[in-house]
Structure formats: structure tokens, C-alpha cells
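Asker: Below is the file start_26.pdb, which contains PDB, C-alpha atoms and all ligand atoms.
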```
MODEL        1
ATOM      1  CA  MET A   1      42.332 -59.564-111.216  1.00  0.00           C
ATOM      2  CA  THR A   2      45.104 -57.551-109.563  1.00  0.00           C
ATOM      3  CA  ALA A   3      46.570 -55.014-111.926  1.00  0.00           C
ATOM      4  CA  ALA A   4      47.214 -51.893-109.883  1.00  0.00           C
ATOM      5  CA  PRO A   5      48.367 -48.747-111.637  1.00  0.00           C
ATOM      6  CA  PRO A   6      52.144 -48.980-112.099  1.00  0.00           C
ATOM      7  CA  ARG A   7      52.815 -45.869-110.020  1.00  0.00           C
ATOM      8  CA  TYR A   8      51.879 -47.880-106.943  1.00  0.00           C
ATOM      9  CA  ARG A   9      54.503 -50.107-105.312  1.00  0.00           C
ATOM     10  CA  LEU A  10      53.747 -53.251-103.367  1.00  0.00           C
ATOM     11  CA  VAL A  11      56.152 -53.390-100.431  1.00  0.00           C
ATOM     12  CA  GLU A  12      57.029 -55.639 -97.530  1.00  0.00           C
ATOM     13  CA  LEU A  13      57.202 -53.788 -94.208  1.00  0.00           C
ATOM     14  CA  GLY A  14      59.568 -55.223 -91.641  1.00  0.00           C
ATOM     15  CA  HIS A  15      59.092 -54.703 -87.938  1.00  0.00           C
ATOM     16  CA  ALA A  16      61.198 -51.507 -87.785  1.00  0.00           C
ATOM     17  CA  THR A  17      59.406 -49.991 -90.771  1.00  0.00           C
ATOM     18  CA  LEU A  18      55.990 -50.723 -89.324  1.00  0.00           C
ATOM     19  CA  VAL A  19      57.000 -49.108 -86.032  1.00  0.00           C
ATOM     20  CA  GLU A  20      58.226 -46.059 -87.923  1.00  0.00           C
ATOM     21  CA  ARG A  21      55.021 -45.785 -89.974  1.00  0.00           C
ATOM     22  CA  LEU A  22      52.588 -46.977 -87.322  1.00  0.00           C
ATOM     23  CA  ASP A  23      50.612 -43.708 -87.111  1.00  0.00           C
ATOM     24  CA  GLU A  24      50.122 -43.721 -90.864  1.00  0.00           C
ATOM     25  CA  ALA A  25      49.113 -47.398 -90.860  1.00  0.00           C
ATOM     26  CA  LEU A  26      46.664 -46.900 -87.991  1.00  0.00           C
ATOM     27  CA  ASP A  27      45.187 -43.893 -89.758  1.00  0.00           C
ATOM     28  CA  ILE A  28      44.395 -46.142 -92.737  1.00  0.00           C
ATOM     29  CA  TYR A  29      42.810 -48.678 -90.395  1.00  0.00           C
ATOM     30  CA  VAL A  30      40.626 -46.062 -88.669  1.00  0.00           C
ATOM     31  CA  SER A  31      39.498 -44.332 -91.849  1.00  0.00           C
ATOM     32  CA  ALA A  32      38.892 -47.583 -93.780  1.00  0.00           C
ATOM     33  CA  MET A  33      36.810 -49.061 -90.969  1.00  0.00           C
ATOM     34  CA  GLY A  34      35.055 -45.769 -90.196  1.00  0.00           C
ATOM     35  CA  TYR A  35      36.084 -45.942 -86.549  1.00  0.00           C
ATOM     36  CA  PRO A  36      36.470 -42.887 -84.294  1.00  0.00           C
ATOM     37  CA  PRO A  37      40.040 -41.496 -84.305  1.00  0.00           C
ATOM     38  CA  GLY A  38      40.601 -42.533 -80.680  1.00  0.00           C
ATOM     39  CA  THR A  39      40.531 -46.169 -81.817  1.00  0.00           C
ATOM     40  CA  ALA A  40      44.023 -45.798 -83.251  1.00  0.00           C
ATOM     41  CA  ARG A  41      45.535 -45.073 -79.851  1.00  0.00           C
ATOM     42  CA  ALA A  42      43.880 -48.132 -78.369  1.00  0.00           C
ATOM     43  CA  ARG A  43      45.149 -50.419 -81.162  1.00  0.00           C
ATOM     44  CA  ARG A  44      48.753 -49.218 -81.071  1.00  0.00           C
ATOM     45  CA  SER A  45      50.125 -51.579 -78.459  1.00  0.00           C
ATOM     46  CA  LEU A  46      48.165 -54.495 -79.907  1.00  0.00           C
ATOM     47  CA  TRP A  47      49.657 -54.019 -83.372  1.00  0.00           C
ATOM     48  CA  LEU A  48      53.145 -53.771 -81.851  1.00  0.00           C
ATOM     49  CA  ASP A  49      52.533 -56.931 -79.854  1.00  0.00           C
ATOM     50  CA  HIS A  50      51.306 -58.758 -82.965  1.00  0.00           C
ATOM     51  CA  ALA A  51      54.408 -57.669 -84.869  1.00  0.00           C
ATOM     52  CA  ARG A  52      56.530 -59.790 -82.519  1.00  0.00           C
ATOM     53  CA  ARG A  53      54.605 -63.018 -83.074  1.00  0.00           C
ATOM     54  CA  PRO A  54      56.063 -65.984 -84.977  1.00  0.00           C
ATOM     55  CA  GLY A  55      55.399 -65.861 -88.686  1.00  0.00           C
ATOM     56  CA  TRP A  56      54.402 -62.157 -88.617  1.00  0.00           C
ATOM     57  CA  ARG A  57      54.501 -60.436 -91.998  1.00  0.00           C
ATOM     58  CA  SER A  58      53.199 -57.110 -93.202  1.00  0.00           C
ATOM     59  CA  VAL A  59      52.736 -55.713 -96.696  1.00  0.00           C
ATOM     60  CA  GLY A  60      51.585 -52.357 -97.994  1.00  0.00           C
ATOM     61  CA  TRP A  61      51.026 -50.238-101.057  1.00  0.00           C
ATOM     62  CA  ILE A  62      53.082 -47.076-101.492  1.00  0.00           C
ATOM     63  CA  GLY A  63      51.579 -44.373-103.690  1.00  0.00           C
ATOM     64  CA  ASP A  64      52.691 -41.039-105.029  1.00  0.00           C
ATOM     65  CA  GLY A  65      55.031 -39.163-102.714  1.00  0.00           C
ATOM     66  CA  GLY A  66      55.667 -42.229-100.591  1.00  0.00           C
ATOM     67  CA  ARG A  67      52.176 -42.205 -99.081  1.00  0.00           C
ATOM     68  CA  LEU A  68      50.999 -45.488 -97.597  1.00  0.00           C
ATOM     69  CA  LEU A  69      47.728 -46.429 -99.348  1.00  0.00           C
ATOM     70  CA  GLY A  70      47.034 -49.833 -97.857  1.00  0.00           C
ATOM     71  CA  ILE A  71      48.296 -52.133 -95.152  1.00  0.00           C
ATOM     72  CA  ALA A  72      47.861 -55.785 -94.256  1.00  0.00           C
ATOM     73  CA  TYR A  73      49.481 -58.059 -91.720  1.00  0.00           C
ATOM     74  CA  GLY A  74      49.101 -61.452 -90.168  1.00  0.00           C
ATOM     75  CA  TYR A  75      50.996 -64.203 -88.384  1.00  0.00           C
ATOM     76  CA  ARG A  76      50.971 -67.881 -87.497  1.00  0.00           C
ATOM     77  CA  GLY A  77      47.951 -68.571 -85.296  1.00  0.00           C
ATOM     78  CA  GLY A  78      47.977 -70.973 -82.414  1.00  0.00           C
ATOM     79  CA  PRO A  79      46.897 -71.918 -78.879  1.00  0.00           C
ATOM     80  CA  GLY A  80      47.215 -69.251 -76.226  1.00  0.00           C
ATOM     81  CA  GLN A  81      46.479 -66.397 -78.611  1.00  0.00           C
ATOM     82  CA  TRP A  82      43.282 -64.499 -77.846  1.00  0.00           C
ATOM     83  CA  TRP A  83      41.813 -64.924 -81.344  1.00  0.00           C
ATOM     84  CA  PHE A  84      42.593 -68.667 -81.457  1.00  0.00           C
ATOM     85  CA  GLU A  85      40.945 -69.268 -78.088  1.00  0.00           C
ATOM     86  CA  GLU A  86      37.876 -67.217 -79.004  1.00  0.00           C
ATOM     87  CA  VAL A  87      37.379 -69.080 -82.269  1.00  0.00           C
ATOM     88  CA  ARG A  88      38.041 -72.453 -80.616  1.00  0.00           C
ATOM     89  CA  ARG A  89      35.333 -71.649 -78.081  1.00  0.00           C
ATOM     90  CA  GLY A  90      32.910 -70.868 -80.895  1.00  0.00           C
ATOM     91  CA  LEU A  91      33.782 -73.947 -82.944  1.00  0.00           C
ATOM     92  CA  ARG A  92      33.472 -76.261 -79.944  1.00  0.00           C
ATOM     93  CA  ALA A  93      29.981 -74.945 -79.303  1.00  0.00           C
ATOM     94  CA  GLU A  94      28.715 -74.501 -82.868  1.00  0.00           C
ATOM     95  CA  ALA A  95      30.728 -76.631 -85.275  1.00  0.00           C
ATOM     96  CA  PRO A  96      33.044 -79.131 -83.534  1.00  0.00           C
ATOM     97  CA  GLU A  97      33.597 -80.965 -86.830  1.00  0.00           C
ATOM     98  CA  ARG A  98      35.383 -77.884 -88.154  1.00  0.00           C
ATOM     99  CA  GLN A  99      37.975 -77.569 -85.382  1.00  0.00           C
ATOM    100  CA  SER A 100      40.716 -78.870 -87.681  1.00  0.00           C
ATOM    101  CA  TRP A 101      40.646 -75.450 -89.380  1.00  0.00           C
ATOM    102  CA  LEU A 102      42.569 -74.251 -86.323  1.00  0.00           C
ATOM    103  CA  THR A 103      45.689 -76.236 -87.179  1.00  0.00           C
ATOM    104  CA  ASP A 104      48.582 -74.802 -89.162  1.00  0.00           C
ATOM    105  CA  TYR A 105      46.899 -71.570 -90.179  1.00  0.00           C
ATOM    106  CA  PHE A 106      47.972 -68.049 -91.026  1.00  0.00           C
ATOM    107  CA  GLU A 107      45.771 -65.464 -89.327  1.00  0.00           C
ATOM    108  CA  LEU A 108      45.014 -62.585 -91.674  1.00  0.00           C
ATOM    109  CA  THR A 109      44.661 -60.031 -88.894  1.00  0.00           C
ATOM    110  CA  GLU A 110      44.343 -56.682 -90.667  1.00  0.00           C
ATOM    111  CA  LEU A 111      43.626 -55.686 -94.273  1.00  0.00           C
ATOM    112  CA  HIS A 112      42.794 -52.069 -95.086  1.00  0.00           C
ATOM    113  CA  VAL A 113      42.965 -49.686 -98.021  1.00  0.00           C
ATOM    114  CA  ARG A 114      42.501 -45.916 -97.740  1.00  0.00           C
ATOM    115  CA  PRO A 115      38.916 -45.001 -98.698  1.00  0.00           C
ATOM    116  CA  ASP A 116      40.108 -42.846-101.615  1.00  0.00           C
ATOM    117  CA  ALA A 117      42.119 -45.783-103.003  1.00  0.00           C
ATOM    118  CA  GLN A 118      39.526 -48.538-102.608  1.00  0.00           C
ATOM    119  CA  GLY A 119      37.854 -50.367-105.456  1.00  0.00           C
ATOM    120  CA  GLY A 120      40.858 -50.743-107.742  1.00  0.00           C
ATOM    121  CA  GLY A 121      42.325 -54.089-106.742  1.00  0.00           C
ATOM    122  CA  LEU A 122      44.777 -52.920-104.062  1.00  0.00           C
ATOM    123  CA  GLY A 123      43.124 -55.025-101.354  1.00  0.00           C
ATOM    124  CA  GLU A 124      43.364 -58.152-103.453  1.00  0.00           C
ATOM    125  CA  GLY A 125      47.027 -57.404-104.113  1.00  0.00           C
ATOM    126  CA  LEU A 126      47.690 -57.109-100.371  1.00  0.00           C
ATOM    127  CA  LEU A 127      45.881 -60.339 -99.568  1.00  0.00           C
ATOM    128  CA  ARG A 128      47.675 -62.237-102.302  1.00  0.00           C
ATOM    129  CA  ALA A 129      51.126 -60.891-101.402  1.00  0.00           C
ATOM    130  CA  LEU A 130      50.664 -61.598 -97.711  1.00  0.00           C
ATOM    131  CA  THR A 131      49.424 -65.164 -98.089  1.00  0.00           C
ATOM    132  CA  ALA A 132      51.962 -65.993-100.806  1.00  0.00           C
ATOM    133  CA  GLY A 133      54.675 -65.553 -98.185  1.00  0.00           C
ATOM    134  CA  ALA A 134      52.979 -67.735 -95.555  1.00  0.00           C
ATOM    135  CA  ASP A 135      54.120 -71.319 -95.153  1.00  0.00           C
ATOM    136  CA  ASN A 136      50.857 -72.442 -93.523  1.00  0.00           C
ATOM    137  CA  ALA A 137      48.302 -74.929 -94.844  1.00  0.00           C
ATOM    138  CA  ARG A 138      45.421 -72.464 -94.642  1.00  0.00           C
ATOM    139  CA  VAL A 139      44.447 -68.853 -93.965  1.00  0.00           C
ATOM    140  CA  LEU A 140      41.748 -67.707 -91.545  1.00  0.00           C
ATOM    141  CA  LEU A 141      40.222 -64.304 -90.840  1.00  0.00           C
ATOM    142  CA  SER A 142      37.266 -62.778 -89.049  1.00  0.00           C
ATOM    143  CA  THR A 143      35.094 -60.040 -90.426  1.00  0.00           C
ATOM    144  CA  PRO A 144      31.867 -58.372 -89.247  1.00  0.00           C
ATOM    145  CA  GLU A 145      28.755 -60.151 -90.493  1.00  0.00           C
ATOM    146  CA  HIS A 146      27.140 -58.323 -93.398  1.00  0.00           C
ATOM    147  CA  ARG A 147      23.523 -59.175 -92.695  1.00  0.00           C
ATOM    148  CA  PRO A 148      21.144 -57.381 -92.995  1.00  0.00           C
ATOM    149  CA  ARG A 149      23.318 -55.162 -95.218  1.00  0.00           C
ATOM    150  CA  PRO A 150      24.452 -56.408 -98.638  1.00  0.00           C
ATOM    151  CA  PRO A 151      27.940 -57.904 -98.782  1.00  0.00           C
ATOM    152  CA  SER A 152      30.652 -55.283 -98.362  1.00  0.00           C
ATOM    153  CA  ARG A 153      33.669 -54.965-100.623  1.00  0.00           C
ATOM    154  CA  ALA A 154      35.618 -57.035 -98.097  1.00  0.00           C
ATOM    155  CA  TRP A 155      33.071 -59.829 -98.329  1.00  0.00           C
ATOM    156  CA  ARG A 156      33.090 -59.695-102.125  1.00  0.00           C
ATOM    157  CA  LEU A 157      36.886 -59.951-102.086  1.00  0.00           C
ATOM    158  CA  TYR A 158      36.952 -62.934 -99.718  1.00  0.00           C
ATOM    159  CA  ARG A 159      34.295 -64.826-101.662  1.00  0.00           C
ATOM    160  CA  ARG A 160      36.006 -64.049-104.967  1.00  0.00           C
ATOM    161  CA  LEU A 161      39.216 -65.577-103.640  1.00  0.00           C
ATOM    162  CA  GLY A 162      37.454 -68.715-102.434  1.00  0.00           C
ATOM    163  CA  PHE A 163      37.046 -68.148 -98.695  1.00  0.00           C
ATOM    164  CA  VAL A 164      34.365 -70.388 -97.145  1.00  0.00           C
ATOM    165  CA  ASP A 165      32.434 -70.229 -93.885  1.00  0.00           C
ATOM    166  CA  VAL A 166      34.220 -71.667 -90.855  1.00  0.00           C
ATOM    167  CA  LEU A 167      32.007 -70.081 -88.201  1.00  0.00           C
ATOM    168  CA  ARG A 168      29.121 -67.629 -88.593  1.00  0.00           C
ATOM    169  CA  GLU A 169      27.443 -65.221 -86.198  1.00  0.00           C
ATOM    170  CA  HIS A 170      30.294 -65.571 -83.723  1.00  0.00           C
ATOM    171  CA  ARG A 171      30.458 -63.208 -80.737  1.00  0.00           C
ATOM    172  CA  PHE A 172      33.989 -62.295 -79.699  1.00  0.00           C
ATOM    173  CA  THR A 173      34.354 -61.385 -76.053  1.00  0.00           C
ATOM    174  CA  GLY A 174      33.996 -57.631 -75.584  1.00  0.00           C
ATOM    175  CA  ASP A 175      32.372 -56.953 -78.973  1.00  0.00           C
ATOM    176  CA  THR A 176      28.608 -56.805 -79.435  1.00  0.00           C
ATOM    177  CA  ARG A 177      28.762 -57.297 -83.205  1.00  0.00           C
ATOM    178  CA  PRO A 178      28.381 -60.732 -84.796  1.00  0.00           C
ATOM    179  CA  PHE A 179      31.406 -61.875 -86.811  1.00  0.00           C
ATOM    180  CA  ALA A 180      32.064 -64.482 -89.466  1.00  0.00           C
ATOM    181  CA  VAL A 181      35.232 -66.556 -89.447  1.00  0.00           C
ATOM    182  CA  LEU A 182      36.225 -67.412 -93.010  1.00  0.00           C
ATOM    183  CA  GLY A 183      39.028 -69.557 -94.326  1.00  0.00           C
ATOM    184  CA  ARG A 184      40.533 -71.302 -97.296  1.00  0.00           C
ATOM    185  CA  PRO A 185      43.459 -73.606 -98.021  1.00  0.00           C
ATOM    186  CA  LEU A 186      46.751 -72.103 -99.163  1.00  0.00           C
ATOM    187  CA  PRO A 187      48.095 -71.369-101.684  1.00  0.00           C
ATOM    188  CA  LEU A 188      45.426 -69.251-103.343  1.00  0.00           C
ATOM    189  CA  ASP A 189      44.515 -69.956-106.939  1.00  0.00           C
ATOM    190  CA  ALA A 190      46.608 -68.007-109.423  1.00  0.00           C
ATOM    191  CA  PRO A 191      45.259 -64.532-110.286  1.00  0.00           C
ATOM    192  CA  ALA A 192      43.897 -63.758-113.724  1.00  0.00           C
ATOM    193  CA  THR A 193      46.632 -61.136-114.134  1.00  0.00           C
ATOM    194  CA  PRO A 194      50.006 -61.424-112.398  1.00  0.00           C
ATOM    195  CA  VAL A 195      50.496 -59.809-108.996  1.00  0.00           C
ATOM    196  CA  PRO A 196      53.194 -57.112-109.132  1.00  0.00           C
ATOM    197  CA  GLY A 197      56.569 -57.876-107.603  1.00  0.00           C
ATOM    198  CA  ILE A 198      57.113 -56.998-103.967  1.00  0.00           C
ATOM    199  CA  THR A 199      60.115 -55.084-102.633  1.00  0.00           C
ATOM    200  CA  ALA A 200      61.286 -54.471 -99.094  1.00  0.00           C
ATOM    201  CA  LEU A 201      60.591 -51.043 -97.612  1.00  0.00           C
ATOM    202  CA  PRO A 202      63.458 -50.358 -95.191  1.00  0.00           C
ATOM    203  CA  PRO A 203      63.082 -47.871 -92.316  1.00  0.00           C
ATOM    204  CA  GLY A 204      63.597 -44.296 -93.488  1.00  0.00           C
ATOM    205  CA  ALA A 205      62.678 -45.092 -97.111  1.00  0.00           C
ATOM    206  CA  SER A 206      59.627 -43.739 -98.896  1.00  0.00           C
TER
HETATM  207  C1  LIG B   1      38.221 -54.624 -98.083  1.00  0.00           C
HETATM  208  C2  LIG B   1      39.310 -53.824 -98.781  1.00  0.00           C
HETATM  209  C3  LIG B   1      40.654 -54.087 -98.139  1.00  0.00           C
HETATM  210  C4  LIG B   1      39.363 -54.311-100.251  1.00  0.00           C
HETATM  211  O1  LIG B   1      40.327 -53.569-100.959  1.00  0.00           O
HETATM  212  P1  LIG B   1      39.952 -52.840-102.334  1.00  0.00           P
HETATM  213  O2  LIG B   1      41.204 -52.440-102.974  1.00  0.00           O
HETATM  214  O3  LIG B   1      38.932 -51.805-102.058  1.00  0.00           O
HETATM  215  O4  LIG B   1      39.192 -54.004-103.113  1.00  0.00           O
HETATM  216  P2  LIG B   1      39.653 -55.154-104.130  1.00  0.00           P
HETATM  217  O5  LIG B   1      41.094 -55.348-104.171  1.00  0.00           O
HETATM  218  O6  LIG B   1      38.801 -56.340-103.803  1.00  0.00           O
HETATM  219  O7  LIG B   1      39.151 -54.546-105.462  1.00  0.00           O
HETATM  220  C5  LIG B   1      37.779 -54.233-105.497  1.00  0.00           C
HETATM  221  C6  LIG B   1      37.262 -53.792-106.807  1.00  0.00           C
HETATM  222  O8  LIG B   1      38.264 -53.345-107.676  1.00  0.00           O
HETATM  223  C7  LIG B   1      38.041 -53.889-108.930  1.00  0.00           C
HETATM  224  N1  LIG B   1      39.355 -54.054-109.541  1.00  0.00           N
HETATM  225  C8  LIG B   1      40.236 -55.036-109.336  1.00  0.00           C
HETATM  226  N2  LIG B   1      41.333 -54.809-110.094  1.00  0.00           N
HETATM  227  C9  LIG B   1      41.134 -53.645-110.737  1.00  0.00           C
HETATM  228  C10 LIG B   1      41.877 -52.859-111.643  1.00  0.00           C
HETATM  229  N3  LIG B   1      43.085 -53.228-112.059  1.00  0.00           N
HETATM  230  N4  LIG B   1      41.358 -51.707-112.097  1.00  0.00           N
HETATM  231  C11 LIG B   1      40.132 -51.308-111.700  1.00  0.00           C
HETATM  232  N5  LIG B   1      39.372 -52.010-110.849  1.00  0.00           N
HETATM  233  C12 LIG B   1      39.872 -53.161-110.386  1.00  0.00           C
HETATM  234  C13 LIG B   1      37.306 -55.196-108.695  1.00  0.00           C
HETATM  235  O9  LIG B   1      36.443 -55.513-109.767  1.00  0.00           O
HETATM  236  C14 LIG B   1      36.536 -54.925-107.455  1.00  0.00           C
HETATM  237  O10 LIG B   1      35.253 -54.420-107.703  1.00  0.00           O
HETATM  238  P3  LIG B   1      34.031 -54.700-106.680  1.00  0.00           P
HETATM  239  O11 LIG B   1      34.513 -54.545-105.279  1.00  0.00           O
HETATM  240  O12 LIG B   1      33.036 -53.685-107.045  1.00  0.00           O
HETATM  241  O13 LIG B   1      33.584 -56.103-106.930  1.00  0.00           O
HETATM  242  C15 LIG B   1      38.980 -52.308 -98.781  1.00  0.00           C
HETATM  243  O14 LIG B   1      37.811 -52.058 -99.523  1.00  0.00           O
HETATM  244  C16 LIG B   1      38.846 -51.751 -97.381  1.00  0.00           C
HETATM  245  O15 LIG B   1      39.831 -51.336 -96.789  1.00  0.00           O
HETATM  246  N6  LIG B   1      37.614 -51.726 -96.865  1.00  0.00           N
HETATM  247  C17 LIG B   1      37.336 -51.176 -95.535  1.00  0.00           C
HETATM  248  C18 LIG B   1      38.044 -51.911 -94.436  1.00  0.00           C
HETATM  249  C19 LIG B   1      37.689 -53.361 -94.402  1.00  0.00           C
HETATM  250  O16 LIG B   1      36.521 -53.735 -94.513  1.00  0.00           O
HETATM  251  N7  LIG B   1      38.701 -54.206 -94.192  1.00  0.00           N
HETATM  252  C20 LIG B   1      38.509 -55.616 -94.025  1.00  0.00           C
HETATM  253  C21 LIG B   1      38.128 -55.868 -92.602  1.00  0.00           C
HETATM  254  S1  LIG B   1      37.883 -57.572 -92.305  1.00  0.00           S
ENDMDL
END
```
Represent the structure of the file as C-alpha cells.

Answerer:
Amino acid sequence: MTAAPPRYRLVELGHATLVERLDEALDIYVSAMGYPPGTARARRSLWLDHARRPGWRSVGWIGDGGRLLGIAYGYRGGPGQWWFEEVRRGLRAEAPERQSWLTDYFELTELHVRPDAQGGGLGEGLLRALTAGADNARVLLSTPEHRPRPPSRAWRLYRRLGFVDVLREHRFTGDTRPFAVLGRPLPLDAPATPVPGITALPPGAS
């Protein structure tokens, strides 16, 4: 399904490049999620901390003029990490038979496309490129529950790519919204149309 216009480049962002383009990446996050601008400042140190975790990878789309249009990152999940412990708590209470999902997984932590670039397959390209480089048995993510609203574009994407329910209506500490934890085995099924090649984006490049 992923066949982005050829003027867009799918790139891998190393740690130094992400640091250099962090404001731009956080701006995508804030505008895609519809969060107040102050959210970016609060997320800064968290994203930098995540970028040092084992198995961390980040990919993005570069558009005309070197503008970053989308960003995704994730890393190897495991005990001691906040997200792992929160989901383990939920699974123990609600679905103990599903705790094996928390072994050997890649946590898809962030996936965002600029609002003016959404709806053209860029998100799917990011998700595919990121998970293709993960050497884990499965991928997990959490996303706000859609009920009572209809499924969002994010939900449609996850379902289209075969993500199933791991935990529903989960309450993360410090967040009043209910979340779903979704997962699927890796690798993903092959796309209907090939995913474009990915190139490294070194610091200073555009
Ligand atoms: C979720 C998100 C990353 C998905 O990225 P996206 O690029 O908008 O979406 P997709 O890659 O799934 O593509 C979506 C649409 O493009 C269409 N599409 C795919 N390839 C295409 C192509 N080559 N040409 C035209 N359209 C195409 C699909 O049919 C799909 O349509 P649909 O959503 O109406 O079913 C993005 O919408 C976003 O940032 N949303 C807000 C933030 C968010 O919710 N992030 C996830 C938090 S958990």
C-alpha cells in the first residue's frame, strides 16, 4: 500500500541527527497529536533518554527543501522500563494469559506525520521501515482508545497491518485517558507495493 510520491525520501535518523532535528521532530509530534505547544518542551528529555536505549532506531520522511514530514522511533522493550512495567501491571490484572507478549518485543514508541502530509501512506512507510530493522519477535504499541469516536487513521493503519488487541482500556499512571495496547508478530506481511529504499540522514544533511 505504501507508494509515497518519489520526491519524498525515507531516511534513517541516527542519534546525532535526531538531537540536531529534535525541535522539528517534536513539532510534528505536537501538531499531529493536537497537543498544546508546551508539550514539546516536556517531551524533550524523554525522547533523548529513549534515544540511548538498546535497539533504538528512528526513521523519518524528508520532503521538499529538506523538511521533516514524519517521524517514528522505537526500541527494545524490557523490564525496568516505565512502559513495560505499566503494561505488565495491566496484563497481570486483566489478561495474565497474554503476558508472553512482553517478551522479545520492539516498542513502537512514536509515529507521527505532519497534518498536511497525512493520508497518503507516509505513516505506513514509517511503520514498515522501522519494524523491518528490528530483530525482535514482535512489535507492541499503545494508542488512545477510539471509543466512542470512530477509529482514527492510526487505528485504521494498525488494523490494516494486522495488529491485534493485547490489552484494552488500560490506564497508564498519570494519564486519565484509556489506552489500547496492540501488537503483532514480526516481520510484517509484505506490502502490496514495495516500500521505498531507506538512506541514512547524517547530521548537517537535509
Ligand atoms: C497515524 C499516522 C501516523 C498515519 O500516517 P498517514 O500517513 O496519515 O496514514 P497511512 O500511512 O496509514 O495512510 C493513510 C491513508 O493513505 C492512503 N494511502 C496509502 N498509500 C497511498 C498512496 N500511495 N497514495 C494515496 N493514498 C495512499 C490509505 O488508503 C489510507 O487511507 P485511510 O486512512 O483513509 O484508510 C498519521 O495519520 C498521524 O500522524 N496521525 C496523528 C498522530 C497519531 O495518531 N499518531 C499515532 C499515535 S499512537

Asker: Convert the output of the PyMOL selection byres (((chain A and resi 90) around 10) and not hetatm) on the shown file into explicit residues, formatted as a PyMOL selection string.

Answerer: chain A and resi 84-89+91-96+99+167-172+181

Asker: Would you tabulate, counting all atoms listed in the file, all residues of region 65-133 of chain A that have an atom at most 10 Å from an atom of region 33-38 of chain A, showing the closest pair of atoms and their distance in Å to one decimal, sorted by chain then ascending number, as JSON lines?

Answerer:
```
{"residue": "A:His112", "atom": "CA", "partner": "A:Met33", "partner_atom": "CA", "distance": 7.9}
{"residue": "A:Val113", "atom": "CA", "partner": "A:Met33", "partner_atom": "CA", "distance": 9.4}
{"residue": "A:Arg114", "atom": "CA", "partner": "A:Met33", "partner_atom": "CA", "distance": 9.4}
{"residue": "A:Pro115", "atom": "CA", "partner": "A:Met33", "partner_atom": "CA", "distance": 9.0}
```

Asker: Extract, using all atoms listed in the file, all DNA, RNA and protein residues at most 6 Å from region 58-70 of chain A, discarding same-chain residues fewer than 4 positions from it, and format them as a tab-separated table (two decimals) with C-alpha atoms, keeping the file's coordinate frame.

Answerer:
```tsv
chain	number	residue	atom	x	y	z
A	8	TYR	CA	51.88	-47.88	-106.94
A	9	ARG	CA	54.50	-50.11	-105.31
A	10	LEU	CA	53.75	-53.25	-103.37
A	11	VAL	CA	56.15	-53.39	-100.43
A	12	GLU	CA	57.03	-55.64	-97.53
A	13	LEU	CA	57.20	-53.79	-94.21
A	112	HIS	CA	42.79	-52.07	-95.09
A	113	VAL	CA	42.96	-49.69	-98.02
A	114	ARG	CA	42.50	-45.92	-97.74
A	206	SER	CA	59.63	-43.74	-98.90
```

Asker: Take the PyMOL selection byres (((not hetatm)) within 7 of (chain B and resi 1)), run it mentally on this structure, and tell me the resulting residues as a ChimeraX atom specification.

Answerer: /A:1-5,32-33,110-115,117-125,142-144,153-154,156-157

Asker: Name the residues captured by the PyMOL selection byres (((chain A and resi 52) around 12) and not hetatm) when it is applied to the shown file; answer as a list in words.

Answerer: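 The output of the PyMOL selection byres (((chain A and resi 52) around 12) and not hetatm) on this file is Gly14, His15, Ala16, Leu18, Val19, Ser45, Leu46, Trp47, Leu48, Asp49, His50, Ala51, Arg53, Pro54, Gly55, Trp56, Arg57, Ser58, Tyr73, Gly74, Tyr75 and Arg76 of chain A.
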
Asker: Report the distance between CA of Trp101 (chain A) and CA of Ala137 (chain A) in Å, rounded to one decimal place.

Answerer: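 Straight-line distance from CA of Trp101 (chain A) to CA of Ala137 (chain A) works out to 9.4 Å.
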
Asker: If you measure from CA of Asn136 (chain A) to CA of Arg98 (chain A), what distance in Å do you get, rounded to one decimal?

Answerer: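 Computed distance, CA of Asn136 (chain A) to CA of Arg98 (chain A), equals 17.3 Å.
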
Asker: Suppose you want the space between CA of Ser152 (chain A) and CA of Leu182 (chain A); what is it in Å?

Answerer: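 One can read the CA of Ser152 (chain A) to CA of Leu182 (chain A) distance as 14.4 Å.
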
Asker: Restricting the calculation to all atoms listed in the file: of A:Leu26, A:Leu102, A:Val139, A:Leu161, which residue gets closest to Ala192 (chain A)?

Answerer: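 Comparing A:Leu26, A:Leu102, A:Val139, A:Leu161 against Ala192 (chain A), the winner is A:Leu161.
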
Asker: With all atoms listed in the file as the atoms that count, which of A:Val195, A:Ala72, A:Leu141, A:Ala180 lies nearest to Tyr105 (chain A)?

Answerer: A:Leu141

Asker: Considering all atoms listed in the file, can you say which of A:Glu145, A:Glu97, A:Asp104, A:Asp27 comes closest to Arg184 (chain A)?

Answerer: A:Asp104

Asker: List the neighbours of Thr17 (chain A) out to 9 Å using all atoms listed in the file; skip same-chain residues closer than 3 positions along the sequence, and give me the result as a list in words.

Answerer: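 In the requested form, the answer reads Leu13, Gly14, Glu20, Arg21, Leu22, Leu201, Pro202, Pro203, Gly204 and Ala205 of chain A.
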